[in-house]
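Trainee: Provided herewith: query-v4.csv, CSV, N, CA and C atoms.
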```
chain,number,residue,atom,x,y,z
T,1,MET,N,-5.1,-25.9,-18.8
T,1,MET,CA,-4.8,-24.5,-18.8
T,1,MET,C,-3.3,-24.3,-18.7
T,2,ARG,N,-2.8,-23.3,-19.3
T,2,ARG,CA,-1.4,-22.9,-19.2
T,2,ARG,C,-1.3,-21.7,-18.2
T,3,ILE,N,-0.2,-21.7,-17.6
T,3,ILE,CA,0.1,-20.6,-16.6
T,3,ILE,C,1.3,-19.8,-17.2
T,4,GLY,N,1.2,-18.5,-17.4
T,4,GLY,CA,2.2,-17.7,-17.9
T,4,GLY,C,2.5,-16.5,-17.1
T,5,VAL,N,3.6,-15.8,-17.3
T,5,VAL,CA,3.8,-14.6,-16.5
T,5,VAL,C,4.2,-13.5,-17.5
T,6,GLY,N,3.7,-12.4,-17.3
T,6,GLY,CA,3.9,-11.2,-18.2
T,6,GLY,C,4.2,-10.0,-17.4
T,7,LEU,N,3.3,-9.6,-16.5
T,7,LEU,CA,3.5,-8.3,-15.8
T,7,LEU,C,3.4,-8.1,-14.3
T,8,LYS,N,2.9,-8.9,-13.4
T,8,LYS,CA,2.9,-8.6,-12.0
T,8,LYS,C,3.4,-9.7,-11.1
T,9,ALA,N,3.2,-10.1,-10.0
T,9,ALA,CA,3.8,-11.0,-9.1
T,9,ALA,C,4.9,-10.2,-8.3
T,10,VAL,N,4.5,-9.0,-8.0
T,10,VAL,CA,5.4,-8.1,-7.4
T,10,VAL,C,5.5,-8.3,-5.9
T,11,VAL,N,4.3,-8.2,-5.2
T,11,VAL,CA,4.3,-8.3,-3.7
T,11,VAL,C,4.5,-9.8,-3.3
T,12,LEU,N,5.6,-10.1,-2.6
T,12,LEU,CA,5.9,-11.4,-2.1
T,12,LEU,C,6.4,-12.4,-3.1
T,13,GLY,N,6.5,-12.0,-4.3
T,13,GLY,CA,7.1,-12.8,-5.4
T,13,GLY,C,6.2,-13.7,-6.1
T,14,LEU,N,6.8,-14.4,-7.0
T,14,LEU,CA,6.1,-15.3,-7.9
T,14,LEU,C,5.5,-16.5,-7.2
T,15,ALA,N,6.1,-17.1,-6.2
T,15,ALA,CA,5.6,-18.3,-5.5
T,15,ALA,C,4.3,-17.9,-4.9
T,16,VAL,N,4.2,-16.8,-4.2
T,16,VAL,CA,3.0,-16.4,-3.5
T,16,VAL,C,1.9,-16.1,-4.6
T,17,ALA,N,2.2,-15.4,-5.7
T,17,ALA,CA,1.3,-15.1,-6.7
T,17,ALA,C,0.7,-16.4,-7.3
T,18,LEU,N,1.5,-17.4,-7.5
T,18,LEU,CA,1.0,-18.7,-8.0
T,18,LEU,C,0.1,-19.4,-7.0
T,19,ALA,N,0.5,-19.3,-5.7
T,19,ALA,CA,-0.3,-20.0,-4.7
T,19,ALA,C,-1.7,-19.3,-4.6
T,20,GLU,N,-1.7,-17.9,-4.6
T,20,GLU,CA,-2.9,-17.2,-4.5
T,20,GLU,C,-3.9,-17.5,-5.7
T,21,LYS,N,-3.3,-17.7,-6.9
T,21,LYS,CA,-4.1,-18.1,-8.0
T,21,LYS,C,-4.8,-19.5,-7.8
T,22,ALA,N,-4.0,-20.3,-7.2
T,22,ALA,CA,-4.5,-21.7,-6.9
T,22,ALA,C,-5.6,-21.7,-5.8
T,23,PHE,N,-5.4,-20.8,-4.8
T,23,PHE,CA,-6.4,-20.8,-3.6
T,23,PHE,C,-7.8,-20.5,-4.1
T,24,GLY,N,-7.9,-19.6,-4.9
T,24,GLY,CA,-9.3,-19.1,-5.3
T,24,GLY,C,-10.2,-20.1,-5.8
T,25,LYS,N,-9.7,-21.1,-6.6
T,25,LYS,CA,-10.5,-22.1,-7.2
T,25,LYS,C,-10.2,-23.5,-6.7
T,26,GLY,N,-9.1,-23.7,-5.9
T,26,GLY,CA,-8.7,-25.0,-5.4
T,26,GLY,C,-8.1,-25.8,-6.5
T,27,ILE,N,-7.6,-25.1,-7.5
T,27,ILE,CA,-6.9,-25.7,-8.7
T,27,ILE,C,-5.4,-25.6,-8.5
T,28,GLY,N,-4.7,-26.6,-8.7
T,28,GLY,CA,-3.2,-26.6,-8.5
T,28,GLY,C,-2.5,-26.1,-9.8
T,29,VAL,N,-1.2,-26.1,-9.6
T,29,VAL,CA,-0.3,-25.6,-10.7
T,29,VAL,C,1.0,-26.3,-10.6
T,30,ARG,N,1.5,-26.6,-11.8
T,30,ARG,CA,2.9,-27.2,-11.9
T,30,ARG,C,3.7,-26.3,-12.8
T,31,VAL,N,4.8,-25.7,-12.2
T,31,VAL,CA,5.6,-24.8,-13.0
T,31,VAL,C,7.1,-25.2,-12.9
T,32,ASN,N,7.9,-24.8,-13.9
T,32,ASN,CA,9.3,-25.0,-13.8
T,32,ASN,C,10.0,-23.7,-14.1
T,33,LEU,N,10.7,-23.2,-13.1
T,33,LEU,CA,11.3,-21.9,-13.2
T,33,LEU,C,12.8,-22.1,-13.4
T,34,ALA,N,13.5,-21.1,-14.1
T,34,ALA,CA,14.9,-21.2,-14.3
T,34,ALA,C,15.5,-20.2,-13.3
T,35,SER,N,16.6,-20.7,-12.6
T,35,SER,CA,17.2,-19.8,-11.6
T,35,SER,C,18.1,-18.7,-12.2
T,36,GLU,N,18.6,-19.0,-13.4
T,36,GLU,CA,19.5,-18.1,-14.1
T,36,GLU,C,20.7,-17.6,-13.1
T,37,GLY,N,21.1,-18.6,-12.3
T,37,GLY,CA,22.2,-18.3,-11.3
T,37,GLY,C,21.8,-17.6,-10.0
T,38,LEU,N,20.5,-17.3,-9.9
T,38,LEU,CA,20.0,-16.6,-8.7
T,38,LEU,C,19.7,-17.7,-7.6
T,39,PRO,N,19.8,-17.3,-6.3
T,39,PRO,CA,19.3,-18.2,-5.2
T,39,PRO,C,17.8,-18.5,-5.3
T,40,ALA,N,17.4,-19.7,-4.9
T,40,ALA,CA,16.0,-20.1,-5.0
T,40,ALA,C,15.1,-19.1,-4.3
T,41,GLU,N,15.5,-18.5,-3.2
T,41,GLU,CA,14.7,-17.5,-2.5
T,41,GLU,C,14.4,-16.3,-3.3
T,42,PHE,N,15.3,-15.9,-4.1
T,42,PHE,CA,15.1,-14.7,-5.0
T,42,PHE,C,14.2,-15.1,-6.1
T,43,VAL,N,14.3,-16.3,-6.7
T,43,VAL,CA,13.5,-16.7,-7.8
T,43,VAL,C,12.0,-16.8,-7.3
T,44,LEU,N,11.8,-17.4,-6.1
T,44,LEU,CA,10.5,-17.6,-5.6
T,44,LEU,C,9.8,-16.4,-5.0
T,45,PHE,N,10.6,-15.6,-4.3
T,45,PHE,CA,10.0,-14.5,-3.5
T,45,PHE,C,10.6,-13.1,-3.8
T,46,GLY,N,11.4,-13.0,-4.8
T,46,GLY,CA,11.9,-11.7,-5.3
T,46,GLY,C,10.8,-10.8,-5.8
T,47,GLU,N,10.8,-9.6,-5.4
T,47,GLU,CA,9.7,-8.7,-5.7
T,47,GLU,C,10.1,-7.8,-7.0
T,48,ASP,N,10.2,-8.5,-8.1
T,48,ASP,CA,10.5,-7.8,-9.4
T,48,ASP,C,9.3,-7.0,-9.8
T,49,ALA,N,9.5,-5.8,-10.3
T,49,ALA,CA,8.4,-5.0,-10.7
T,49,ALA,C,7.8,-5.4,-12.0
T,50,SER,N,6.6,-5.1,-12.2
T,50,SER,CA,5.9,-5.2,-13.5
T,50,SER,C,5.7,-6.6,-14.0
T,51,ARG,N,5.2,-7.6,-13.1
T,51,ARG,CA,4.9,-8.9,-13.6
T,51,ARG,C,3.5,-9.3,-13.1
T,52,ILE,N,2.8,-10.0,-14.0
T,52,ILE,CA,1.5,-10.6,-13.6
T,52,ILE,C,1.5,-12.1,-14.0
T,53,VAL,N,0.7,-12.8,-13.2
T,53,VAL,CA,0.5,-14.2,-13.6
T,53,VAL,C,-0.9,-14.3,-14.3
T,54,VAL,N,-0.9,-15.0,-15.4
T,54,VAL,CA,-2.1,-15.1,-16.2
T,54,VAL,C,-2.3,-16.6,-16.4
T,55,SER,N,-3.5,-17.1,-16.2
T,55,SER,CA,-3.9,-18.4,-16.6
T,55,SER,C,-4.8,-18.3,-17.8
T,56,CYS,N,-4.7,-19.3,-18.7
T,56,CYS,CA,-5.6,-19.2,-19.9
T,56,CYS,C,-5.8,-20.6,-20.5
T,57,ASP,N,-6.8,-20.7,-21.3
T,57,ASP,CA,-7.1,-21.9,-22.0
T,57,ASP,C,-5.9,-22.1,-23.0
T,58,PRO,N,-5.4,-23.3,-23.2
T,58,PRO,CA,-4.3,-23.5,-24.1
T,58,PRO,C,-4.6,-23.0,-25.5
T,59,GLY,N,-5.8,-23.0,-25.9
T,59,GLY,CA,-6.2,-22.5,-27.3
T,59,GLY,C,-6.0,-21.0,-27.4
T,60,GLN,N,-5.9,-20.3,-26.3
T,60,GLN,CA,-5.7,-18.8,-26.3
T,60,GLN,C,-4.3,-18.4,-26.2
T,61,LEU,N,-3.4,-19.3,-26.0
T,61,LEU,CA,-2.0,-19.0,-25.7
T,61,LEU,C,-1.4,-18.2,-26.9
T,62,THR,N,-1.5,-18.6,-28.1
T,62,THR,CA,-0.9,-18.0,-29.2
T,62,THR,C,-1.4,-16.5,-29.3
T,63,ARG,N,-2.7,-16.3,-29.1
T,63,ARG,CA,-3.2,-14.9,-29.2
T,63,ARG,C,-2.6,-14.0,-28.1
T,64,ILE,N,-2.5,-14.6,-26.9
T,64,ILE,CA,-1.9,-13.8,-25.8
T,64,ILE,C,-0.5,-13.4,-26.1
T,65,GLN,N,0.3,-14.4,-26.6
T,65,GLN,CA,1.6,-14.1,-27.0
T,65,GLN,C,1.7,-13.1,-28.1
T,66,GLU,N,0.8,-13.1,-29.1
T,66,GLU,CA,0.8,-12.1,-30.2
T,66,GLU,C,0.6,-10.7,-29.6
T,67,VAL,N,-0.4,-10.6,-28.7
T,67,VAL,CA,-0.7,-9.3,-28.1
T,67,VAL,C,0.5,-8.8,-27.3
T,68,ALA,N,1.1,-9.7,-26.5
T,68,ALA,CA,2.3,-9.3,-25.7
T,68,ALA,C,3.4,-8.9,-26.6
T,69,GLU,N,3.7,-9.6,-27.7
T,69,GLU,CA,4.7,-9.2,-28.7
T,69,GLU,C,4.4,-7.8,-29.3
T,70,LYS,N,3.2,-7.6,-29.6
T,70,LYS,CA,2.8,-6.3,-30.2
T,70,LYS,C,3.2,-5.1,-29.3
T,71,TYR,N,3.0,-5.3,-28.0
T,71,TYR,CA,3.3,-4.3,-27.1
T,71,TYR,C,4.7,-4.4,-26.4
T,72,GLU,N,5.5,-5.3,-27.0
T,72,GLU,CA,6.9,-5.5,-26.5
T,72,GLU,C,6.9,-5.9,-25.0
T,73,ILE,N,6.0,-6.8,-24.7
T,73,ILE,CA,5.9,-7.4,-23.3
T,73,ILE,C,6.3,-8.8,-23.4
T,74,ALA,N,7.2,-9.3,-22.5
T,74,ALA,CA,7.5,-10.7,-22.4
T,74,ALA,C,6.3,-11.5,-21.8
T,75,ALA,N,6.1,-12.6,-22.4
T,75,ALA,CA,5.0,-13.5,-22.0
T,75,ALA,C,5.5,-14.9,-22.1
T,76,ASP,N,6.0,-15.4,-21.0
T,76,ASP,CA,6.6,-16.8,-20.9
T,76,ASP,C,5.6,-17.8,-20.4
T,77,VAL,N,5.6,-19.0,-20.9
T,77,VAL,CA,4.8,-20.1,-20.4
T,77,VAL,C,5.6,-20.7,-19.3
T,78,LEU,N,5.0,-20.8,-18.1
T,78,LEU,CA,5.7,-21.3,-16.9
T,78,LEU,C,5.3,-22.7,-16.6
T,79,GLY,N,4.1,-23.1,-17.0
T,79,GLY,CA,3.6,-24.4,-16.6
T,79,GLY,C,2.1,-24.6,-17.0
T,80,GLU,N,1.5,-25.4,-16.1
T,80,GLU,CA,0.1,-25.7,-16.4
T,80,GLU,C,-0.7,-26.0,-15.1
T,81,THR,N,-2.0,-25.9,-15.2
T,81,THR,CA,-2.8,-26.3,-14.0
T,81,THR,C,-2.9,-27.8,-13.9
T,82,ILE,N,-3.0,-28.2,-12.6
T,82,ILE,CA,-3.2,-29.6,-12.3
T,82,ILE,C,-4.1,-29.7,-11.1
T,83,PRO,N,-4.7,-30.9,-10.8
T,83,PRO,CA,-5.6,-31.0,-9.7
T,83,PRO,C,-4.9,-30.9,-8.4
T,84,ASP,N,-5.4,-30.0,-7.5
T,84,ASP,CA,-5.1,-30.0,-6.1
T,84,ASP,C,-3.7,-29.9,-5.5
T,85,ARG,N,-2.7,-29.6,-6.3
T,85,ARG,CA,-1.3,-29.4,-5.8
T,85,ARG,C,-0.7,-28.2,-6.4
T,86,LEU,N,0.3,-27.7,-5.6
T,86,LEU,CA,1.2,-26.6,-6.1
T,86,LEU,C,2.5,-27.3,-6.1
T,87,GLU,N,3.1,-27.3,-7.3
T,87,GLU,CA,4.4,-27.9,-7.6
T,87,GLU,C,5.2,-26.9,-8.3
T,88,ILE,N,6.3,-26.5,-7.7
T,88,ILE,CA,7.2,-25.6,-8.3
T,88,ILE,C,8.6,-26.2,-8.4
T,89,SER,N,9.1,-26.3,-9.6
T,89,SER,CA,10.5,-26.8,-9.8
T,89,SER,C,11.4,-25.7,-10.2
T,90,LEU,N,12.6,-25.8,-9.8
T,90,LEU,CA,13.6,-24.8,-10.1
T,90,LEU,C,14.7,-25.6,-10.8
T,91,ASP,N,15.0,-25.2,-12.0
T,91,ASP,CA,15.9,-25.9,-12.9
T,91,ASP,C,15.7,-27.4,-12.9
T,92,GLY,N,14.5,-27.8,-13.0
T,92,GLY,CA,14.1,-29.2,-13.1
T,92,GLY,C,14.0,-30.0,-11.8
T,93,THR,N,14.3,-29.4,-10.7
T,93,THR,CA,14.2,-30.0,-9.4
T,93,THR,C,13.0,-29.5,-8.6
T,94,ILE,N,12.1,-30.4,-8.2
T,94,ILE,CA,11.0,-29.9,-7.4
T,94,ILE,C,11.4,-29.4,-6.1
T,95,ILE,N,11.0,-28.1,-5.8
T,95,ILE,CA,11.4,-27.5,-4.5
T,95,ILE,C,10.2,-27.2,-3.6
T,96,VAL,N,9.0,-27.2,-4.3
T,96,VAL,CA,7.7,-27.0,-3.5
T,96,VAL,C,6.8,-28.0,-4.1
T,97,SER,N,6.2,-28.8,-3.2
T,97,SER,CA,5.1,-29.7,-3.6
T,97,SER,C,4.2,-29.9,-2.4
T,98,ALA,N,3.0,-29.4,-2.5
T,98,ALA,CA,2.0,-29.5,-1.4
T,98,ALA,C,0.6,-29.4,-1.9
T,99,GLU,N,-0.3,-29.9,-1.1
T,99,GLU,CA,-1.7,-29.8,-1.5
T,99,GLU,C,-2.2,-28.3,-1.4
T,100,VAL,N,-3.0,-27.9,-2.3
T,100,VAL,CA,-3.5,-26.5,-2.3
T,100,VAL,C,-4.2,-26.2,-1.0
T,101,SER,N,-5.1,-27.1,-0.6
T,101,SER,CA,-5.9,-26.9,0.6
T,101,SER,C,-5.0,-26.7,1.8
T,102,GLU,N,-3.9,-27.5,1.9
T,102,GLU,CA,-3.0,-27.3,3.1
T,102,GLU,C,-2.3,-25.9,3.1
T,103,LEU,N,-1.9,-25.5,1.9
T,103,LEU,CA,-1.3,-24.2,1.8
T,103,LEU,C,-2.3,-23.1,2.1
T,104,SER,N,-3.5,-23.3,1.6
T,104,SER,CA,-4.5,-22.3,1.7
T,104,SER,C,-4.9,-22.1,3.2
T,105,GLU,N,-5.0,-23.1,3.9
T,105,GLU,CA,-5.4,-23.1,5.3
T,105,GLU,C,-4.3,-22.3,6.1
T,106,GLY,N,-3.1,-22.6,5.8
T,106,GLY,CA,-2.0,-21.8,6.5
T,106,GLY,C,-2.0,-20.4,6.1
T,107,PHE,N,-2.2,-20.1,4.9
T,107,PHE,CA,-2.2,-18.7,4.4
T,107,PHE,C,-3.3,-17.9,5.0
T,108,GLU,N,-4.5,-18.5,4.9
T,108,GLU,CA,-5.7,-17.8,5.4
T,108,GLU,C,-5.7,-17.5,6.9
T,109,GLY,N,-5.1,-18.4,7.6
T,109,GLY,CA,-5.1,-18.3,9.1
T,109,GLY,C,-3.8,-17.6,9.6
T,110,ALA,N,-2.9,-17.2,8.8
T,110,ALA,CA,-1.6,-16.6,9.2
T,110,ALA,C,-1.8,-15.4,10.1
T,111,LEU,N,-2.6,-14.4,9.6
T,111,LEU,CA,-2.7,-13.2,10.3
T,111,LEU,C,-3.4,-13.4,11.6
T,112,GLU,N,-4.4,-14.1,11.7
T,112,GLU,CA,-5.1,-14.4,12.9
T,112,GLU,C,-4.2,-15.1,13.9
T,113,ALA,N,-3.4,-16.1,13.5
T,113,ALA,CA,-2.5,-16.8,14.4
T,113,ALA,C,-1.4,-15.9,14.9
T,114,THR,N,-0.9,-15.0,14.0
T,114,THR,CA,0.1,-14.0,14.5
T,114,THR,C,-0.5,-13.0,15.5
T,115,LEU,N,-1.7,-12.5,15.2
T,115,LEU,CA,-2.3,-11.6,16.2
T,115,LEU,C,-2.6,-12.3,17.5
T,116,ARG,N,-3.0,-13.5,17.5
T,116,ARG,CA,-3.3,-14.3,18.7
T,116,ARG,C,-2.0,-14.4,19.5
T,117,THR,N,-1.0,-14.8,18.8
T,117,THR,CA,0.3,-15.1,19.5
T,117,THR,C,0.9,-13.8,20.1
T,118,ASP,N,0.7,-12.6,19.3
T,118,ASP,CA,1.2,-11.4,19.8
T,118,ASP,C,0.4,-10.9,21.0
T,119,SER,N,-0.9,-11.1,21.0
T,119,SER,CA,-1.7,-10.6,22.2
T,119,SER,C,-1.5,-11.5,23.4
T,120,GLU,N,-1.2,-12.8,23.2
T,120,GLU,CA,-0.9,-13.7,24.3
T,120,GLU,C,0.4,-13.4,24.9
T,121,SER,N,1.4,-13.0,24.0
T,121,SER,CA,2.7,-12.6,24.5
T,121,SER,C,2.6,-11.3,25.3
T,122,MET,N,1.8,-10.3,24.8
T,122,MET,CA,1.6,-9.1,25.5
T,122,MET,C,0.9,-9.3,26.8
T,123,ALA,N,-0.1,-10.2,26.9
T,123,ALA,CA,-0.8,-10.5,28.1
T,123,ALA,C,0.2,-11.1,29.2
T,124,ALA,N,1.1,-12.0,28.7
T,124,ALA,CA,2.1,-12.6,29.6
T,124,ALA,C,3.0,-11.5,30.2
T,125,VAL,N,3.4,-10.5,29.4
T,125,VAL,CA,4.3,-9.5,29.8
T,125,VAL,C,3.6,-8.6,30.9
T,126,LEU,N,2.3,-8.3,30.7
T,126,LEU,CA,1.6,-7.4,31.5
T,126,LEU,C,1.2,-8.1,32.9
T,127,THR,N,1.2,-9.4,33.0
T,127,THR,CA,0.8,-10.0,34.2
T,127,THR,C,2.0,-10.4,35.1
```
Spit out the file's structure as structure tokens when you get a sec.
Mentor:
Amino acid sequence: MRIGVGLKAVVLGLAVALAEKAFGKGIGVRVNLASEGLPAEFVLFGEDASRIVVSCDPGQLTRIQEVAEKYEIAADVLGETIPDRLEISLDGTIIVSAEVSELSEGFEGALEATLRTDSESMAAVLT
């Protein structure tokens, strides 16, 4: 499968959008992004408007690009799916490499852990 970007990845940026795509099926992704002179944090987590992440069968890539061109929408190939890992390279250097399950556990439990920590802190203040 190929991974491309065309229209969304707005909230929390492209890195989170890619991770969320991987979490749903436990399928990994390997992408190579170009910094174009921007800091890594901006490339990974910048909230650019009007982008989406699309995964497709490689046989459908040409058709997707044709439709995007027809409507004057950029559709760039970023990478491909791989088993069980999220690997993001920036200008050819790997900057994120982790198992999808490890990232998913941290992501899924983040709100609960934060709320638990906040309520424990509040309890300590009140006692």
Trainee: Using all atoms listed in the file, can you tell me which of T:Ser97, T:Thr114, T:Gln60, T:Ser35 comes closest to Arg85 of chain T?
Mentor: T:Ser97
Trainee: Report, in Å with one decimal, the straight-line distance from atom CA of Asp91 of chain T to atom N of Leu61 of chain T.
Mentor: 24.2 Å
Trainee: Smallest atom-to-atom distance to Ala15 of chain T: which of T:Pro83, T:Gly28, T:Gly59, T:Gly46, using all atoms listed in the file?
Mentor: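 Ranking T:Pro83, T:Gly28, T:Gly59, T:Gly46 by distance to Ala15 of chain T, first place goes to T:Gly46.
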Trainee: Would you mind telling me which residue in T:Ala19, T:Val96, T:Thr81, T:Leu103 lies nearest to Ser55 of chain T when using only N, CA and C atoms?
Mentor: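 Among the listed residues, the smallest separation from Ser55 of chain T belongs to T:Thr81.
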Trainee: If you measure from atom CA of Glu41 of chain T to atom CA of Asp84 of chain T, what distance in Å do you get, rounded to one decimal?
Mentor: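 So the answer is 23.7 Å.
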Trainee: Out of T:Pro58, T:Gly13, T:Gly79, T:Gly92, which residue has the shortest atom-to-atom distance to Phe42 of chain T when counting all atoms listed in the file?
Mentor: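 Nearest candidate to Phe42 of chain T out of T:Pro58, T:Gly13, T:Gly79, T:Gly92: T:Gly13.
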Trainee: Which of these residues is nearest to Ala98 of chain T, using only C-alpha atoms: T:Val29, T:Leu86, T:Leu78, T:Ile73?
Mentor: T:Leu86
Trainee: Work out how far atom CA of Ser89 of chain T is from atom CA of Lys21 of chain T, in Å to one decimal.
Mentor: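 Separation between atom CA of Lys21 of chain T and atom CA of Ser89 of chain T: 17.1 Å.
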Trainee: Of the candidates T:Leu44, T:Val77, T:Ile95, T:Ala68, which shows the shortest atom-to-atom distance to Cys56 of chain T, using only C-alpha atoms?
Mentor: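 Of all the options, T:Val77 lies closest to Cys56 of chain T.
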Trainee: How would you write, as an MDAnalysis selection string, the set of residues in segment 15-113 of chain T that DSSP gives as strand (DSSP E)?
Mentor: chainID T and resid 27:33 53:56 76:83 85:90 93:99
Trainee: DSSP on the backbone, helix (DSSP H, G or I) only: what residues of segment 1-114 of chain T does that give? Format it as a PyMOL selection string.
Mentor: chain T and resi 13-25+40-45+58-70+100-108+110-114
